[in-house]
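J.: Handing over my_file.txt, compact mmCIF, C-alpha atoms.
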# COMPACT_ATOMS: atom_id res chain seq x y z
CA GLU R 179 41.38 52.95 64.97
CA ASP R 180 42.07 52.71 61.28
CA ALA R 181 44.33 51.42 58.59
CA ARG R 182 48.08 51.80 58.65
CA PRO R 183 49.01 55.51 58.41
CA VAL R 184 50.91 56.83 55.44
CA LEU R 185 54.35 58.21 56.34
CA GLU R 186 56.98 60.23 54.53
CA PRO R 187 59.49 57.87 52.90
CA ALA R 188 62.38 58.88 55.22
CA VAL R 189 60.46 58.09 58.41
CA PRO R 190 61.96 54.96 60.09
CA GLU R 191 59.13 52.57 60.97
CA PHE R 192 59.24 49.20 62.79
CA PHE R 193 56.96 46.79 64.63
CA LEU R 194 57.29 44.90 67.87
CA PRO R 195 56.59 41.19 67.45
CA VAL R 196 53.36 39.83 68.93
CA SER R 197 54.15 37.63 71.95
CA ALA R 198 50.62 36.84 73.18
CA GLU R 199 47.78 34.74 71.86
CA ILE R 200 45.20 37.05 70.26
CA GLY R 201 42.40 34.51 69.78
CA GLU R 202 39.01 36.15 69.27
CA ASP R 203 40.33 39.55 70.37
CA ARG R 204 41.47 42.30 68.04
CA LEU R 205 45.10 43.18 67.38
CA VAL R 206 45.71 46.92 67.51
CA TYR R 207 49.05 48.67 67.01
CA ARG R 208 49.74 51.74 69.13
CA PRO R 209 52.49 54.22 68.20
CA ALA R 210 55.65 54.79 70.24
CA LEU R 211 59.16 56.07 69.74
CA LEU R 212 62.14 53.75 70.01
CA GLY R 213 65.44 55.38 70.90
CA THR R 214 68.86 53.74 71.19
CA ALA R 215 72.22 55.27 72.03
CA GLU R 216 75.76 54.51 73.15
CA LEU R 217 77.10 56.41 76.15
CA HIS R 218 80.73 56.95 77.15
CA TYR R 219 81.71 57.48 80.80
CA ALA R 220 85.24 58.65 81.46
CA ASN R 221 87.07 59.72 84.60
CA ALA R 222 90.84 59.44 84.54
CA ARG R 223 91.26 59.95 88.30
CA LEU R 224 88.93 57.03 89.08
CA GLY R 225 90.17 54.92 86.18
CA ILE R 226 86.74 54.88 84.50
CA ASP R 227 86.44 54.34 80.73
CA GLU R 228 83.09 52.69 80.16
CA TRP R 229 80.77 52.40 77.17
CA ARG R 230 77.11 51.44 77.60
CA ARG R 231 74.18 50.89 75.26
CA VAL R 232 70.78 52.20 76.30
CA ALA R 233 67.32 51.92 74.78
CA HIS R 234 64.00 53.63 75.53
CA LEU R 235 60.39 53.25 74.53
CA ALA R 236 58.22 56.38 74.65
CA PRO R 237 54.48 56.08 73.89
CA LEU R 238 52.96 58.61 71.47
CA GLY R 239 49.48 59.94 72.10
CA ASP R 240 46.98 61.21 69.56
CA ARG R 241 49.16 64.30 69.19
CA GLU R 242 52.70 65.09 70.15
CA THR R 243 52.88 67.57 73.03
CA GLY R 244 55.88 68.66 75.09
CA ASP R 245 58.86 66.38 75.60
CA VAL R 246 58.00 63.00 74.14
CA TRP R 247 60.87 61.38 76.10
CA ALA R 248 59.63 62.55 79.53
CA SER R 249 57.54 59.37 79.94
CA ALA R 250 60.02 57.06 78.20
CA GLU R 251 60.58 53.58 79.63
CA SER R 252 64.17 52.40 79.88
CA LEU R 253 64.63 48.94 78.35
CA PRO R 254 67.08 47.05 80.61
CA ASP R 255 67.94 44.47 77.96
CA GLY R 256 68.71 47.05 75.30
CA ALA R 257 67.02 47.38 71.94
CA PRO R 258 64.28 44.77 71.41
CA ASP R 259 63.80 42.55 68.41
CA ILE R 260 61.79 44.40 65.78
CA ALA R 261 60.05 43.56 62.51
CA ASP R 262 59.65 45.51 59.30
CA GLU R 263 55.98 44.61 58.73
CA PRO R 264 52.85 44.28 60.93
CA GLU R 265 50.77 41.18 61.48
CA ASP R 266 47.97 40.59 58.99
CA GLY R 267 44.55 41.85 59.98
CA ALA R 268 45.77 44.36 62.52
CA THR R 269 44.40 47.87 62.89
CA PHE R 270 46.25 51.02 63.97
CA ALA R 271 45.60 53.59 66.68
CA PRO R 272 45.68 57.29 65.72
CA LEU R 273 49.12 58.69 65.01
CA PRO R 274 50.08 62.32 65.74
CA SER R 275 50.70 64.18 62.49
CA ALA R 276 54.24 65.09 63.57
CA ALA R 277 55.15 61.39 63.53
CA THR R 278 54.42 61.19 59.81
CA LYS R 279 57.16 63.70 58.98
CA ALA R 280 60.86 62.89 58.75
CA LYS R 281 62.01 66.24 60.20
CA SER R 282 60.21 65.45 63.47
CA PHE R 283 62.55 62.51 64.00
CA VAL R 284 65.58 64.76 63.59
CA THR R 285 64.21 66.95 66.39
CA TRP R 286 63.33 63.95 68.55
CA ALA R 287 66.83 62.54 68.07
CA LYS R 288 68.34 65.78 69.42
CA ARG R 289 65.97 65.71 72.38
CA TYR R 290 66.79 62.06 72.94
CA LYS R 291 70.48 62.90 73.23
CA THR R 292 69.63 65.43 75.96
CA HIS R 293 67.34 62.91 77.66
CA VAL R 294 69.91 60.12 77.93
CA TYR R 295 72.57 62.56 79.12
CA LYS R 296 70.34 63.60 82.05
CA ALA R 297 68.69 60.24 82.72
CA HIS R 298 71.74 58.00 82.68
CA PRO R 299 74.53 59.16 84.99
CA LEU R 300 76.89 56.40 86.08
CA THR R 301 76.59 55.93 89.84
CA LEU R 302 79.62 54.66 91.71
CA TYR R 303 79.87 53.82 95.41
CA ARG R 304 82.78 55.03 97.52
CA SER R 305 84.33 54.41 100.91
CA MET R 306 86.49 57.35 101.88
CA ALA R 307 87.87 55.51 104.92
CA PHE R 308 89.37 52.77 102.75
CA LYS R 309 89.88 54.85 99.58
CA LEU R 310 87.80 52.35 97.60
CA THR R 311 85.49 53.02 94.64
CA SER R 312 83.12 50.51 93.07
CA SER R 313 83.64 49.34 89.53
CA PRO R 314 80.99 50.39 86.97
CA GLU R 315 79.35 46.96 87.02
CA GLU R 316 79.58 46.46 90.81
CA SER R 317 76.30 46.66 92.74
CA GLU R 318 75.98 48.46 96.06
CA ALA R 319 75.56 45.10 97.83
CA ASP R 320 78.73 43.65 96.26
CA PHE R 321 80.69 46.80 97.02
CA THR R 322 79.49 46.74 100.64
CA ILE R 323 80.81 43.18 100.96
CA ARG R 324 84.17 44.32 99.60
CA VAL R 325 84.33 47.22 102.06
CA ARG R 326 83.45 44.90 104.95
CA GLU R 327 86.29 42.59 103.95
CA ALA R 328 88.68 45.54 103.88
CA ALA R 329 87.40 46.65 107.28
CA ARG R 330 87.90 43.16 108.69
CA GLU R 331 91.45 42.98 107.33
CA ARG R 332 92.35 46.38 108.74
CA ARG R 333 90.67 45.57 112.05
CA ASP R 334 92.63 42.33 112.36
CA GLY R 335 95.85 44.14 111.56
CA THR R 336 95.15 46.89 114.08
CA LYS R 337 94.20 44.35 116.74
CA GLU R 338 97.44 42.50 116.15
CA LYS R 339 99.44 45.72 116.53
CA LEU R 340 97.48 46.49 119.69
CA ARG R 341 98.23 43.06 121.13
CA LYS R 342 101.93 43.39 120.31
CA ARG R 343 102.02 46.76 122.05
CA TYR R 344 100.26 45.57 125.20
CA ALA R 345 101.57 42.00 125.42
CA PRO R 346 105.06 42.89 126.79
CA LYS R 347 103.58 45.26 129.37
CA LEU R 348 101.04 42.68 130.52
CA ALA R 349 103.69 39.95 130.64
CA ARG R 350 106.04 42.08 132.75
CA LEU R 351 103.29 42.93 135.22
CA GLN R 352 102.18 39.32 135.49
CA GLU R 353 105.78 38.26 136.13
CA ARG R 354 106.16 40.91 138.85
CA ILE R 355 102.87 39.77 140.40
CA GLN R 356 104.12 36.17 140.48
CA ARG R 357 107.33 37.29 142.19
CA ALA R 358 105.32 39.37 144.65
CA GLU R 359 103.07 36.40 145.42
CA ARG R 360 106.14 34.22 146.08
CA LYS R 361 107.55 36.96 148.31
CA VAL R 362 104.33 37.12 150.35
CA ALA R 363 104.38 33.33 150.71
CA THR R 364 108.05 33.40 151.80
CA GLN R 365 107.42 36.18 154.34
CA GLN R 366 104.41 34.31 155.69
CA SER R 367 106.46 31.16 156.07
CA GLN R 368 109.25 33.02 157.87
CA TYR R 369 106.70 34.70 160.14
CA ASP R 370 105.15 31.34 161.02
CA GLN R 371 108.60 29.90 161.83
CA ALA R 372 109.49 32.92 163.99
CA LYS R 373 106.23 32.59 165.92
CA THR R 374 106.90 28.89 166.50
CA GLN R 375 110.45 29.49 167.72
CA THR R 376 109.27 32.24 170.07
CA ALA R 377 106.56 30.02 171.49
CA VAL R 378 109.10 27.22 172.11
CA SER R 379 111.56 29.56 173.83
CA VAL R 380 108.88 31.08 176.04
CA GLY R 381 107.55 27.64 176.89
CA ALA R 382 110.99 26.37 177.91
CA THR R 383 111.52 29.36 180.21
CA VAL R 384 108.15 28.86 181.88
CA LEU R 385 108.72 25.15 182.35
CA GLY R 386 112.11 25.78 183.92
CA ALA R 387 110.54 28.12 186.44
CA LEU R 388 107.73 25.71 187.20
CA PHE R 389 110.06 22.82 187.96
CA GLY R 390 111.92 24.69 190.64
CA ARG R 391 114.90 26.02 188.77
CA LYS R 392 116.15 29.37 189.78
CA VAL R 393 114.36 32.05 187.85
CA ALA R 394 117.50 34.13 187.42
CA SER R 395 119.75 31.25 186.44
CA VAL R 396 122.01 31.68 183.43
CA GLY R 397 119.96 29.16 181.36
CA THR R 398 116.67 30.78 182.23
CA VAL R 399 117.95 34.25 181.39
CA GLY R 400 119.35 32.97 178.06
CA ARG R 401 116.10 31.34 177.12
CA ALA R 402 114.18 34.46 178.02
CA SER R 403 116.52 36.57 175.89
CA THR R 404 116.07 34.15 172.99
CA ALA R 405 112.30 34.34 173.37
CA MET R 406 112.40 38.15 173.29
CA ARG R 407 114.58 38.16 170.18
CA GLY R 408 112.23 35.67 168.53
CA ALA R 409 109.26 37.87 169.34
CA GLY R 410 111.03 40.86 167.78
CA ARG R 411 111.89 38.86 164.69
CA ALA R 412 108.28 37.69 164.37
CA ALA R 413 107.08 41.28 164.58
CA ARG R 414 109.50 42.28 161.83
CA GLU R 415 108.40 39.37 159.67
CA LYS R 416 104.77 40.42 160.14
CA GLY R 417 105.65 43.91 158.96
CA ASP R 418 107.44 42.45 155.93
CA ILE R 419 104.28 40.49 155.10
CA ALA R 420 102.17 43.63 155.22
CA ARG R 421 104.57 45.50 152.93
CA ALA R 422 104.77 42.56 150.50
CA GLN R 423 100.97 42.36 150.39
CA GLU R 424 100.71 46.08 149.71
CA GLU R 425 103.17 45.73 146.82
CA LEU R 426 101.19 42.77 145.48
CA GLU R 427 97.89 44.67 145.60
CA GLU R 428 99.45 47.66 143.87
CA LEU R 429 100.75 45.44 141.07
CA ARG R 430 97.34 43.79 140.70
CA ALA R 431 95.73 47.23 140.46
CA GLN R 432 98.23 48.21 137.74
CA LEU R 433 97.41 45.02 135.82
CA GLU R 434 93.68 45.68 136.07
CA GLY R 435 94.21 49.26 134.83
CA LEU R 436 96.30 48.09 131.88
CA GLU R 437 93.72 45.45 130.93
CA THR R 438 90.96 48.09 131.11
CA GLU R 439 93.01 50.42 128.87
CA PHE R 440 93.47 47.58 126.36
CA GLU R 441 89.72 46.78 126.33
CA ASP R 442 88.86 50.48 125.89
CA GLU R 443 91.09 50.70 122.81
CA LEU R 444 89.43 47.58 121.38
CA ALA R 445 86.00 49.14 121.97
CA ASP R 446 87.10 52.33 120.20
CA LEU R 447 88.32 50.19 117.32
CA ARG R 448 84.94 48.47 116.98
CA ALA R 449 83.16 51.85 117.04
CA ASP R 450 85.46 53.15 114.30
CA GLU R 451 84.65 50.09 112.17
CA ASP R 452 80.92 50.86 112.28
CA MET R 453 81.56 54.43 111.14
CA GLU R 454 83.91 53.31 108.36
CA LEU R 455 81.15 51.37 106.58
CA ASP R 456 79.28 54.58 105.71
CA LEU R 457 79.24 54.76 101.92
CA SER R 458 78.88 57.74 99.63
CA THR R 459 78.01 57.94 95.94
CA LYS R 460 79.80 59.51 93.03
CA THR R 461 77.92 60.20 89.81
CA ILE R 462 79.62 60.56 86.45
CA ALA R 463 77.65 62.04 83.56
CA PRO R 464 78.21 60.60 80.09
CA ARG R 465 80.38 62.71 77.83
CA LYS R 466 78.06 64.81 75.71
CA SER R 467 80.46 64.85 72.80
CA ASP R 468 80.65 61.04 72.82
CA ILE R 469 76.91 60.27 72.93
CA ALA R 470 76.11 58.31 69.79
CA VAL R 471 72.39 58.22 69.06
CA GLY R 472 71.45 55.11 67.10
CA ASN R 473 67.85 54.65 66.06
CA VAL R 474 65.07 57.11 66.81
CA ALA R 475 62.21 55.46 65.03
CA LEU R 476 58.47 55.02 64.99
CA LEU R 477 57.76 51.71 66.70
CA TRP R 478 54.31 50.18 66.61
CA THR R 479 53.47 48.19 69.76
CA PRO R 480 50.85 45.39 69.52
CA TRP R 481 47.88 45.36 71.92
CA ARG R 482 45.11 42.79 72.40
CA VAL R 483 41.67 44.42 72.68
CA ASP R 484 38.66 42.37 73.78
CA ALA R 485 34.99 42.92 72.87
CA THR R 486 34.49 45.33 75.78
CA GLY R 487 37.39 47.55 74.69
CA ILE R 488 39.80 46.50 77.40
CA ALA R 489 43.34 46.51 76.02
CA GLU R 490 46.38 44.54 77.19
CA PRO R 491 49.94 44.60 75.81
CA ALA R 492 50.62 41.75 73.44
CA TYR R 493 54.40 42.26 73.44
CA ALA R 494 57.41 41.86 75.69
CA VAL R 495 60.47 44.10 75.71
CA SER R 496 62.39 42.88 78.80
Can you present the structure in this file as structure tokens?
T.:
Amino acid sequence: EDARPVLEPAVPEFFLPVSAEIGEDRLVYRPALLGTAELHYANARLGIDEWRRVAHLAPLGDRETGDVWASAESLPDGAPDIADEPEDGATFAPLPSAATKAKSFVTWAKRYKTHVYKAHPLTLYRSMAFKLTSSPEESEADFTIRVREAARERRDGTKEKLRKRYAPKLARLQERIQRAERKVATQQSQYDQAKTQTAVSVGATVLGALFGRKVASVGTVGRASTAMRGAGRAAREKGDIARAQEELEELRAQLEGLETEFEDELADLRADEDMELDLSTKTIAPRKSDIAVGNVALLWTPWRVDATGIAEPAYAVS
């Protein structure tokens, strides 16, 4: 650690403000590169025309090796506040010789343009089922909520169409079932009446015979004939009941089948809803020709170093 390095006049140099109490510790500045740029995202088909500012901080070691931006930290709040001069009494960590030369910053600016192009694609979320795409500022969580609302609206609309399609069919079957139930009740009532009339006729014939009337008298024969006709009518009524009951059961089976078909379509609808919430992503790279690099400068970051040599950042950038 030493005094402030001497730089070529064209080298841009700044200092991060100290944000921690130094106390008895030492204040040491460590070198880094600050890069800022404006990026333009454009996609006419998706209606995207978005400009964004980005900023990065890349630490510099004792000597510059490889891509200095490979370990750069993205600053979410953009370019930090910076100062033109260091704090009094501070010392400086070693600076790679390349950082003292102005031409190095021209090279680093070109590399920074490549870095932000690769590191900052715009990610959008899409739902193909609903033909929806998130806005540039919309988070995945917010977009998911919007898709769920669209799914609920479409589900409600589809359910309503389904109900309108099935409601007349169900109503007609229920009406036919009610008529069939009334028919069974009517046939049962007629059967009961026929049985009663037959029993009365048979009883009158038997009583006439028991009380000494001639078995073959005109009255006895008439009552016997009436009893036989009543028995035949009762048998027919019983057959009508059986047929009416069969018709009723068939209608009930049709209703049950239609209700099952309706429920199956609702179940398929719910299954489709779960599949529709699958989201995909669409990435849009910034336009290379529109990338505007702002500052690429030497930025000294303050560190607090205690008596044992342990160093902690004495600055805040986010």
J.: So that I can check the surroundings of Ser467 in chain R, please list as a PyMOL selection string every protein, DNA and RNA residue that reaches within 12 Å of it, counting only C-alpha atoms and ignoring chain neighbours fewer than 4 positions away.
T.: chain R and resi 216-220+291-292+295+463+471
J.: Go ahead and write the selection's residues with C-alpha atoms as a short mmCIF file (atom, residue, chain, number, x, y, z; two decimals), in the frame of the given file.
T.:
data_model
loop_
_atom_site.label_atom_id
_atom_site.label_comp_id
_atom_site.auth_asym_id
_atom_site.auth_seq_id
_atom_site.Cartn_x
_atom_site.Cartn_y
_atom_site.Cartn_z
CA GLU R 216 75.76 54.51 73.15
CA LEU R 217 77.10 56.41 76.15
CA HIS R 218 80.73 56.95 77.15
CA TYR R 219 81.71 57.48 80.80
CA ALA R 220 85.24 58.65 81.46
CA LYS R 291 70.48 62.90 73.23
CA THR R 292 69.63 65.43 75.96
CA TYR R 295 72.57 62.56 79.12
CA ALA R 463 77.65 62.04 83.56
CA VAL R 471 72.39 58.22 69.06
#
J.: Closest to Arg448 in chain R among R:Glu251, R:Asp334, R:Glu191, R:Glu263, using all atoms listed in the file?
T.: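 Comparing R:Glu251, R:Asp334, R:Glu191, R:Glu263 against Arg448 in chain R, the winner is R:Asp334.
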J.: Which residues are close to Asp203 in chain R, i.e. within 10 Å by only C-alpha atoms, leaving aside same-chain residues fewer than 2 positions away? Reply as a PDB file with C-alpha atoms, keeping the file's coordinate frame.
T.:
ATOM      1  CA  GLU R 199      47.780  34.740  71.860  1.00  0.00           C
ATOM      2  CA  ILE R 200      45.200  37.050  70.260  1.00  0.00           C
ATOM      3  CA  GLY R 201      42.400  34.510  69.780  1.00  0.00           C
ATOM      4  CA  LEU R 205      45.100  43.180  67.380  1.00  0.00           C
ATOM      5  CA  VAL R 206      45.710  46.920  67.510  1.00  0.00           C
ATOM      6  CA  TRP R 481      47.880  45.360  71.920  1.00  0.00           C
ATOM      7  CA  ARG R 482      45.110  42.790  72.400  1.00  0.00           C
ATOM      8  CA  VAL R 483      41.670  44.420  72.680  1.00  0.00           C
ATOM      9  CA  ASP R 484      38.660  42.370  73.780  1.00  0.00           C
ATOM     10  CA  ALA R 485      34.990  42.920  72.870  1.00  0.00           C
ATOM     11  CA  THR R 486      34.490  45.330  75.780  1.00  0.00           C
ATOM     12  CA  GLY R 487      37.390  47.550  74.690  1.00  0.00           C
ATOM     13  CA  ILE R 488      39.800  46.500  77.400  1.00  0.00           C
ATOM     14  CA  ALA R 489      43.340  46.510  76.020  1.00  0.00           C
TER      15      ALA R 489
END
J.: Please compute the CA of Val325 in chain R-CA of Ser313 in chain R distance, one decimal, in Å.
T.: 12.7 Å
J.: Do you have the CA of Asp370 in chain R-CA of Gly417 in chain R distance handy?
T.: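 Between CA of Asp370 in chain R and CA of Gly417 in chain R the gap works out to 12.7 Å.
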J.: For Ser312 in chain R, which residue out of R:Ala280, R:Ala210, R:Leu457, R:Val362 is the nearest one, using all atoms listed in the file?
T.: R:Leu457
